[in-house]
Amino acid sequence: MEIDLLVSGYGGGDTPSISLTKFDDKLRSWDVTWNSYIRASSFLSESAGLLFGITEREGCCCVYMYKESVNGYEFLDLIGLECGQLCHVQYLPKNKLLIGSSYEEGVLFSVEVNGEKFGDVKDYIITDGNLEGESRIHCAITSQGEEYLFATNIATDVIYKYHLVSKKLVEVDVLKLPAGSGPRHLVVDDNREMLYVNTEYSNKIIGIRFDEVNLSICQIISTLPDTYTQESSGSSICMSDDGRFIYAANRGHDSIAIFAIDNWGILECNGYIHCCGHWPRHIALIGSGNYMAIANQFSNRVVILKRDAINGLLGDKVKELEIEKPSFVDSINRHI
């Protein structure tokens, strides 16, 4: 089975900021089939043949919509909102909504997607700031069925829980994390009713149990070795499809931490591996979980490592791609 890999980064202008690369299943042969040159495309969301990209620039909130085509993607529409710098989007195919997170102004918004065009703005939520007045929504992720949405505020150390009701976000709980955590990204484990939040400032994973209404912390575990004393910041987190392993990237330590998940959702660290570059900003499991892709921002490379799906461990580097300041990488299921 072929592997189609999407990569985006802080390039643009004369160098591609988004690329689609097609590999064979053993990563022996590859071909770049499509590029885009929009500036500072830091994050992507792809589903049901639609691709959404953003420009992460101060004072700018622009979202681009593309449609799958034979050779890659073709541009469909563009929307701008007055909420400043974006850092994350997620498309919800069931609700036909795009969810956006504004780092600059702490706004969480949703926009309808009507066929091949953006529709109405359904929600525009201005979140409370900290004592300095800063509010930074960093990401928002739904449960698998799109009933719940969870959002992180990296400035206020808060996790929000919303219900999606008739395409509207209804807040049901707010969880305060330890001061100085800096919650950045999260993954949702629907089977165990758990969130796993990686923190940028404290380099932790915080395990959070959820039910119909409430959020509660059940574990806090470091993503760094006990002996490491230099500066580092957490960036990206991902979970294997079988729900047995979680991986977290450390910028500074330049490593990927590997965790096993027990039946109750508790993590145990199984070790660390160097990211084969500098400043791993984003990670993803690809190729049916047989590989991990790492976007190493400051070494201008996406590195692909072999993965053992049985014990979860990461192995040798098998491929690398050059792209300016990569910030996102993931595989997709193409329909054409």
# chains A, B, ... in the order shown; residues from 1 in each chain; ligands from 1

$ closest_atom_pairs --of "stretch 51-132 of chain A" --to "stretch 169-183 of chain A" --cutoff "12 Å" --atoms "only C-alpha atoms" --output "tab-separated table"
residue	atom	partner	partner_atom	distance
A:Asn95	CA	A:Leu169	CA	11.6
A:Leu97	CA	A:Leu169	CA	11.1
A:Ile99	CA	A:Leu169	CA	10.2
A:Leu108	CA	A:Leu169	CA	9.7
A:Phe109	CA	A:Leu169	CA	9.1
A:Ser110	CA	A:Leu169	CA	8.5
A:Val111	CA	A:Leu169	CA	11.5
A:Val121	CA	A:Leu169	CA	11.9
A:Lys122	CA	A:Leu169	CA	8.5
A:Asp123	CA	A:Leu169	CA	6.9
A:Tyr124	CA	A:Leu169	CA	9.5
A:Ile125	CA	A:Leu169	CA	9.0
A:Thr127	CA	A:Val174	CA	11.2
A:Asp128	CA	A:Val174	CA	11.4
A:Asn130	CA	A:Ala179	CA	10.8

$ select_by_dssp --residues "stretch 213-320 of chain A" --states "strand (DSSP E)" --output "PyMOL selection string"
chain A and resi 215-222+233-239+245-251+255-261+267-274+280-286+291-296+301-307+314-320

$ closest_residue --among "A:Leu98, A:Cys276, A:Val107, A:Leu285" --to "A:Thr152" --atoms "only C-alpha atoms"
A:Val107

$ closest_residue --among "A:Gly287, A:Gly129, A:Gly265, A:Pro326" --to "A:Asp4" --atoms "only C-alpha atoms"
A:Gly287

$ atom_distance --atom1 "atom CA of A:Ala48" --atom2 "atom CA of A:Asn71"
16.4 Å

$ closest_residue --among "A:Pro16, A:Gly72, A:Gly145, A:Gly49" --to "A:Asp190" --atoms "only C-alpha atoms"
A:Gly145

$ closest_residue --among "A:Asp77, A:Asp242, A:Glu231, A:Glu82" --to "A:Gly59" --atoms "only C-alpha atoms"
A:Glu82

$ closest_residue --among "A:Arg251, A:Ser42, A:Pro225, A:Asp14" --to "A:Lys325" --atoms "only C-alpha atoms"
A:Ser42

$ residues_around --residues "A:Gln297" --least-positions-apart "6" --cutoff "7 Å" --atoms "only C-alpha atoms" --output "PDB file with N, CA and C atoms, in the first residue's frame"
ATOM      1  N   HIS A 278      17.068  18.526  14.773  1.00  0.00           N
ATOM      2  CA  HIS A 278      16.998  19.551  15.812  1.00  0.00           C
ATOM      3  C   HIS A 278      15.612  20.183  15.831  1.00  0.00           C
ATOM      4  N   TRP A 279      15.017  20.205  17.030  1.00  0.00           N
ATOM      5  CA  TRP A 279      13.757  20.888  17.309  1.00  0.00           C
ATOM      6  C   TRP A 279      12.558  20.159  16.666  1.00  0.00           C
ATOM      7  N   PRO A 280      12.220  18.969  17.177  1.00  0.00           N
ATOM      8  CA  PRO A 280      11.091  18.203  16.622  1.00  0.00           C
ATOM      9  C   PRO A 280       9.756  18.881  16.958  1.00  0.00           C
ATOM     10  N   ARG A 281       9.169  19.525  15.987  1.00  0.00           N
ATOM     11  CA  ARG A 281       7.965  20.316  16.220  1.00  0.00           C
ATOM     12  C   ARG A 281       6.691  19.489  16.118  1.00  0.00           C
ATOM     13  N   LYS A 325      11.967  24.655   7.454  1.00  0.00           N
ATOM     14  CA  LYS A 325      11.350  24.783   8.773  1.00  0.00           C
ATOM     15  C   LYS A 325      10.040  23.994   8.881  1.00  0.00           C
ATOM     16  N   PRO A 326      10.079  22.672   8.743  1.00  0.00           N
ATOM     17  CA  PRO A 326       8.834  21.888   8.794  1.00  0.00           C
ATOM     18  C   PRO A 326       8.165  21.981  10.159  1.00  0.00           C
ATOM     19  N   SER A 327       6.835  22.079  10.136  1.00  0.00           N
ATOM     20  CA  SER A 327       6.078  22.224  11.376  1.00  0.00           C
ATOM     21  C   SER A 327       4.941  21.223  11.493  1.00  0.00           C
TER      22      SER A 327
END

$ residues_around --residues "A:His253" --least-positions-apart "6" --cutoff "12 Å" --atoms "only C-alpha atoms" --output "list in words"
Asn203, Thr223, Leu224, Pro225, Thr227, Tyr228, Thr229, Gln230, Glu231, Ser232, Ser233, Gly234, Ser235, Tyr272, Ile273, His274, Cys275, Cys276, Gly277, His278, Trp279 and Pro280 of chain A

$ write_last_selection --atoms "N, CA, C and O atoms" --output "mmCIF file, in the first residue's frame"
data_model
loop_
_atom_site.group_PDB
_atom_site.id
_atom_site.type_symbol
_atom_site.label_atom_id
_atom_site.label_comp_id
_atom_site.auth_asym_id
_atom_site.auth_seq_id
_atom_site.Cartn_x
_atom_site.Cartn_y
_atom_site.Cartn_z
ATOM 1 N N ASN A 203 7.185 20.254 30.259
ATOM 2 C CA ASN A 203 7.595 18.981 29.660
ATOM 3 C C ASN A 203 6.970 17.780 30.372
ATOM 4 O O ASN A 203 7.638 16.870 30.831
ATOM 5 N N THR A 223 8.182 13.958 30.360
ATOM 6 C CA THR A 223 8.608 13.464 29.048
ATOM 7 C C THR A 223 10.124 13.510 28.896
ATOM 8 O O THR A 223 10.646 13.226 27.815
ATOM 9 N N LEU A 224 10.841 13.877 29.978
ATOM 10 C CA LEU A 224 12.297 13.983 29.949
ATOM 11 C C LEU A 224 12.923 13.008 30.943
ATOM 12 O O LEU A 224 12.317 12.701 31.982
ATOM 13 N N PRO A 225 14.150 12.565 30.699
ATOM 14 C CA PRO A 225 14.848 11.752 31.697
ATOM 15 C C PRO A 225 15.097 12.555 32.972
ATOM 16 O O PRO A 225 15.279 13.777 32.926
ATOM 17 N N THR A 227 17.674 12.757 34.655
ATOM 18 C CA THR A 227 19.031 13.313 34.693
ATOM 19 C C THR A 227 19.201 14.535 33.810
ATOM 20 O O THR A 227 20.242 15.193 33.864
ATOM 21 N N TYR A 228 18.188 14.872 33.001
ATOM 22 C CA TYR A 228 18.322 16.006 32.070
ATOM 23 C C TYR A 228 17.965 17.297 32.797
ATOM 24 O O TYR A 228 16.887 17.424 33.383
ATOM 25 N N THR A 229 18.884 18.279 32.749
ATOM 26 C CA THR A 229 18.692 19.524 33.492
ATOM 27 C C THR A 229 18.714 20.770 32.619
ATOM 28 O O THR A 229 18.543 21.880 33.131
ATOM 29 N N GLN A 230 18.913 20.637 31.312
ATOM 30 C CA GLN A 230 18.963 21.789 30.435
ATOM 31 C C GLN A 230 17.552 22.174 29.976
ATOM 32 O O GLN A 230 16.575 21.501 30.290
ATOM 33 N N GLU A 231 17.468 23.240 29.188
ATOM 34 C CA GLU A 231 16.163 23.718 28.738
ATOM 35 C C GLU A 231 15.578 22.796 27.675
ATOM 36 O O GLU A 231 16.288 22.255 26.834
ATOM 37 N N SER A 232 14.270 22.645 27.732
ATOM 38 C CA SER A 232 13.546 21.880 26.724
ATOM 39 C C SER A 232 12.090 22.293 26.790
ATOM 40 O O SER A 232 11.616 22.801 27.810
ATOM 41 N N SER A 233 11.365 22.077 25.694
ATOM 42 C CA SER A 233 9.937 22.383 25.679
ATOM 43 C C SER A 233 9.199 21.314 24.890
ATOM 44 O O SER A 233 9.650 20.883 23.830
ATOM 45 N N GLY A 234 8.065 20.889 25.433
ATOM 46 C CA GLY A 234 7.256 19.883 24.754
ATOM 47 C C GLY A 234 6.599 20.456 23.510
ATOM 48 O O GLY A 234 6.295 21.643 23.440
ATOM 49 N N SER A 235 6.386 19.608 22.509
ATOM 50 C CA SER A 235 5.774 20.115 21.272
ATOM 51 C C SER A 235 4.588 19.273 20.831
ATOM 52 O O SER A 235 3.445 19.719 20.895
ATOM 53 N N TYR A 272 13.573 6.721 25.451
ATOM 54 C CA TYR A 272 13.683 7.902 24.604
ATOM 55 C C TYR A 272 14.561 7.562 23.405
ATOM 56 O O TYR A 272 15.430 6.690 23.478
ATOM 57 N N ILE A 273 14.337 8.272 22.311
ATOM 58 C CA ILE A 273 15.190 8.118 21.139
ATOM 59 C C ILE A 273 15.441 9.492 20.546
ATOM 60 O O ILE A 273 14.561 10.364 20.578
ATOM 61 N N HIS A 274 16.649 9.720 20.051
ATOM 62 C CA HIS A 274 16.979 11.006 19.457
ATOM 63 C C HIS A 274 16.160 11.208 18.186
ATOM 64 O O HIS A 274 15.864 10.252 17.454
ATOM 65 N N CYS A 275 15.786 12.441 17.927
ATOM 66 C CA CYS A 275 14.894 12.736 16.794
ATOM 67 C C CYS A 275 15.625 12.809 15.459
ATOM 68 O O CYS A 275 14.995 13.083 14.432
ATOM 69 N N CYS A 276 16.928 12.567 15.452
ATOM 70 C CA CYS A 276 17.736 12.595 14.218
ATOM 71 C C CYS A 276 17.701 13.973 13.564
ATOM 72 O O CYS A 276 17.700 14.086 12.326
ATOM 73 N N GLY A 277 17.660 14.997 14.380
ATOM 74 C CA GLY A 277 17.641 16.367 13.882
ATOM 75 C C GLY A 277 17.563 17.320 15.055
ATOM 76 O O GLY A 277 17.917 16.975 16.193
ATOM 77 N N HIS A 278 17.068 18.526 14.773
ATOM 78 C CA HIS A 278 16.998 19.551 15.812
ATOM 79 C C HIS A 278 15.612 20.183 15.831
ATOM 80 O O HIS A 278 15.097 20.606 14.801
ATOM 81 N N TRP A 279 15.017 20.205 17.030
ATOM 82 C CA TRP A 279 13.757 20.888 17.309
ATOM 83 C C TRP A 279 12.558 20.159 16.666
ATOM 84 O O TRP A 279 11.916 20.651 15.750
ATOM 85 N N PRO A 280 12.220 18.969 17.177
ATOM 86 C CA PRO A 280 11.091 18.203 16.622
ATOM 87 C C PRO A 280 9.756 18.881 16.958
ATOM 88 O O PRO A 280 9.282 18.810 18.078
#

$ atom_distance --atom1 "atom CA of A:Arg209" --atom2 "atom CA of A:Asp189"
9.5 Å

$ closest_residue --among "A:Asp24, A:Glu68, A:Asp241, A:Glu200" --to "A:Ser222" --atoms "only C-alpha atoms"
A:Glu200

$ residues_around --residues "A:Gln219" --least-positions-apart "4" --cutoff "12 Å" --atoms "only C-alpha atoms" --output "list of chain:residue names"
A:Leu177, A:Pro178, A:Met194, A:Leu195, A:Tyr196, A:Val197, A:Asn198, A:Lys204, A:Ile205, A:Ile206, A:Gly207, A:Ile208, A:Arg209, A:Ile261, A:Trp264, A:Gly265, A:Ile266, A:Leu267, A:Glu268

$ write_last_selection --atoms "all heavy atoms" --output "short mmCIF file (atom, residue, chain, number, x, y, z; two decimals), in the first residue's frame"
data_model
loop_
_atom_site.label_atom_id
_atom_site.label_comp_id
_atom_site.auth_asym_id
_atom_site.auth_seq_id
_atom_site.Cartn_x
_atom_site.Cartn_y
_atom_site.Cartn_z
N LEU A 177 -4.97 23.33 35.27
CA LEU A 177 -3.80 22.48 35.45
C LEU A 177 -2.80 23.17 36.38
O LEU A 177 -2.94 24.36 36.69
CB LEU A 177 -3.15 22.21 34.09
CG LEU A 177 -4.03 21.59 33.01
CD1 LEU A 177 -3.22 21.31 31.76
CD2 LEU A 177 -4.71 20.33 33.51
N PRO A 178 -1.77 22.46 36.84
CA PRO A 178 -0.76 23.11 37.67
C PRO A 178 -0.16 24.33 36.98
O PRO A 178 0.08 24.32 35.77
CB PRO A 178 0.29 22.00 37.87
CG PRO A 178 -0.49 20.73 37.76
CD PRO A 178 -1.53 21.00 36.72
N MET A 194 -10.16 9.11 28.07
CA MET A 194 -8.99 9.81 28.57
C MET A 194 -8.51 10.85 27.56
O MET A 194 -8.63 10.66 26.34
CB MET A 194 -7.84 8.82 28.81
CG MET A 194 -8.02 7.90 30.00
SD MET A 194 -7.78 8.74 31.58
CE MET A 194 -6.05 9.23 31.46
N LEU A 195 -7.99 11.95 28.09
CA LEU A 195 -7.20 12.90 27.31
C LEU A 195 -5.76 12.77 27.75
O LEU A 195 -5.48 12.55 28.94
CB LEU A 195 -7.64 14.35 27.57
CG LEU A 195 -9.08 14.75 27.42
CD1 LEU A 195 -9.21 16.24 27.76
CD2 LEU A 195 -9.56 14.49 26.02
N TYR A 196 -4.84 12.95 26.81
CA TYR A 196 -3.43 13.04 27.14
C TYR A 196 -2.93 14.36 26.58
O TYR A 196 -2.92 14.58 25.36
CB TYR A 196 -2.66 11.86 26.56
CG TYR A 196 -3.11 10.54 27.14
CD1 TYR A 196 -4.02 9.73 26.46
CD2 TYR A 196 -2.65 10.11 28.39
CE1 TYR A 196 -4.45 8.52 27.00
CE2 TYR A 196 -3.08 8.91 28.94
CZ TYR A 196 -3.97 8.12 28.25
OH TYR A 196 -4.41 6.95 28.78
N VAL A 197 -2.54 15.25 27.49
CA VAL A 197 -2.13 16.61 27.13
C VAL A 197 -0.63 16.73 27.32
O VAL A 197 -0.12 16.43 28.41
CB VAL A 197 -2.85 17.65 28.01
CG1 VAL A 197 -2.43 19.06 27.62
CG2 VAL A 197 -4.36 17.49 27.91
N ASN A 198 0.10 17.15 26.27
CA ASN A 198 1.51 17.42 26.48
C ASN A 198 1.71 18.91 26.75
O ASN A 198 1.04 19.76 26.18
CB ASN A 198 2.37 16.94 25.30
CG ASN A 198 2.24 17.82 24.09
OD1 ASN A 198 1.14 18.16 23.69
ND2 ASN A 198 3.35 18.19 23.48
N LYS A 204 5.65 17.79 30.42
CA LYS A 204 4.91 16.69 31.04
C LYS A 204 3.83 16.19 30.08
O LYS A 204 3.45 16.87 29.13
CB LYS A 204 4.21 17.16 32.33
CG LYS A 204 5.13 17.72 33.41
CD LYS A 204 5.90 16.65 34.11
CE LYS A 204 6.49 17.12 35.45
NZ LYS A 204 7.41 18.25 35.32
N ILE A 205 3.34 14.98 30.34
CA ILE A 205 2.06 14.53 29.81
C ILE A 205 1.11 14.46 31.00
O ILE A 205 1.43 13.85 32.03
CB ILE A 205 2.14 13.17 29.10
CG1 ILE A 205 2.98 13.28 27.83
CG2 ILE A 205 0.74 12.68 28.74
CD1 ILE A 205 3.14 11.97 27.09
N ILE A 206 -0.04 15.09 30.86
CA ILE A 206 -1.06 15.07 31.91
C ILE A 206 -2.22 14.20 31.42
O ILE A 206 -2.84 14.50 30.39
CB ILE A 206 -1.55 16.49 32.24
CG1 ILE A 206 -0.36 17.34 32.71
CG2 ILE A 206 -2.64 16.44 33.32
CD1 ILE A 206 -0.72 18.77 33.05
N GLY A 207 -2.47 13.11 32.13
CA GLY A 207 -3.59 12.23 31.81
C GLY A 207 -4.85 12.75 32.49
O GLY A 207 -4.87 12.96 33.71
N ILE A 208 -5.90 12.95 31.72
CA ILE A 208 -7.14 13.54 32.22
C ILE A 208 -8.31 12.63 31.86
O ILE A 208 -8.51 12.30 30.69
CB ILE A 208 -7.37 14.94 31.60
CG1 ILE A 208 -6.21 15.87 31.97
CG2 ILE A 208 -8.71 15.52 32.03
CD1 ILE A 208 -6.23 17.20 31.24
N ARG A 209 -9.06 12.23 32.88
CA ARG A 209 -10.24 11.40 32.64
C ARG A 209 -11.45 12.31 32.41
O ARG A 209 -11.58 13.35 33.05
CB ARG A 209 -10.49 10.47 33.82
CG ARG A 209 -11.29 9.22 33.45
CD ARG A 209 -11.24 8.19 34.56
NE ARG A 209 -9.91 7.70 34.86
CZ ARG A 209 -9.25 6.81 34.13
NH1 ARG A 209 -9.82 6.32 33.03
NH2 ARG A 209 -8.06 6.40 34.47
N ILE A 261 0.64 2.31 27.48
CA ILE A 261 -0.61 2.66 28.16
C ILE A 261 -1.23 1.37 28.70
O ILE A 261 -1.44 0.41 27.94
CB ILE A 261 -1.61 3.32 27.20
CG1 ILE A 261 -0.95 4.41 26.35
CG2 ILE A 261 -2.79 3.90 27.98
CD1 ILE A 261 -1.85 4.98 25.26
N TRP A 264 -6.06 0.86 32.27
CA TRP A 264 -6.74 1.96 32.96
C TRP A 264 -6.32 3.33 32.44
O TRP A 264 -6.73 4.35 32.97
CB TRP A 264 -6.48 1.86 34.47
CG TRP A 264 -7.08 0.62 35.06
CD1 TRP A 264 -8.34 0.46 35.56
CD2 TRP A 264 -6.44 -0.65 35.19
NE1 TRP A 264 -8.52 -0.83 35.99
CE2 TRP A 264 -7.37 -1.53 35.78
CE3 TRP A 264 -5.16 -1.13 34.87
CZ2 TRP A 264 -7.06 -2.87 36.05
CZ3 TRP A 264 -4.86 -2.45 35.13
CH2 TRP A 264 -5.81 -3.31 35.72
N GLY A 265 -5.45 3.33 31.42
CA GLY A 265 -5.04 4.59 30.82
C GLY A 265 -3.82 5.22 31.45
O GLY A 265 -3.49 6.37 31.14
N ILE A 266 -3.12 4.49 32.32
CA ILE A 266 -1.93 5.02 32.99
C ILE A 266 -0.70 4.77 32.12
O ILE A 266 -0.53 3.69 31.55
CB ILE A 266 -1.76 4.38 34.38
CG1 ILE A 266 -3.00 4.66 35.23
CG2 ILE A 266 -0.51 4.91 35.07
CD1 ILE A 266 -3.31 6.13 35.43
N LEU A 267 0.18 5.77 32.04
CA LEU A 267 1.37 5.71 31.20
C LEU A 267 2.58 5.22 31.97
O LEU A 267 2.76 5.55 33.15
CB LEU A 267 1.69 7.08 30.61
CG LEU A 267 0.59 7.79 29.81
CD1 LEU A 267 1.14 9.09 29.21
CD2 LEU A 267 0.03 6.89 28.72
N GLU A 268 3.42 4.47 31.28
CA GLU A 268 4.73 4.08 31.80
C GLU A 268 5.76 4.36 30.72
O GLU A 268 5.59 3.94 29.56
CB GLU A 268 4.76 2.60 32.17
CG GLU A 268 6.11 2.15 32.70
CD GLU A 268 6.16 0.67 33.04
OE1 GLU A 268 5.10 0.01 32.92
OE2 GLU A 268 7.23 0.19 33.41
#
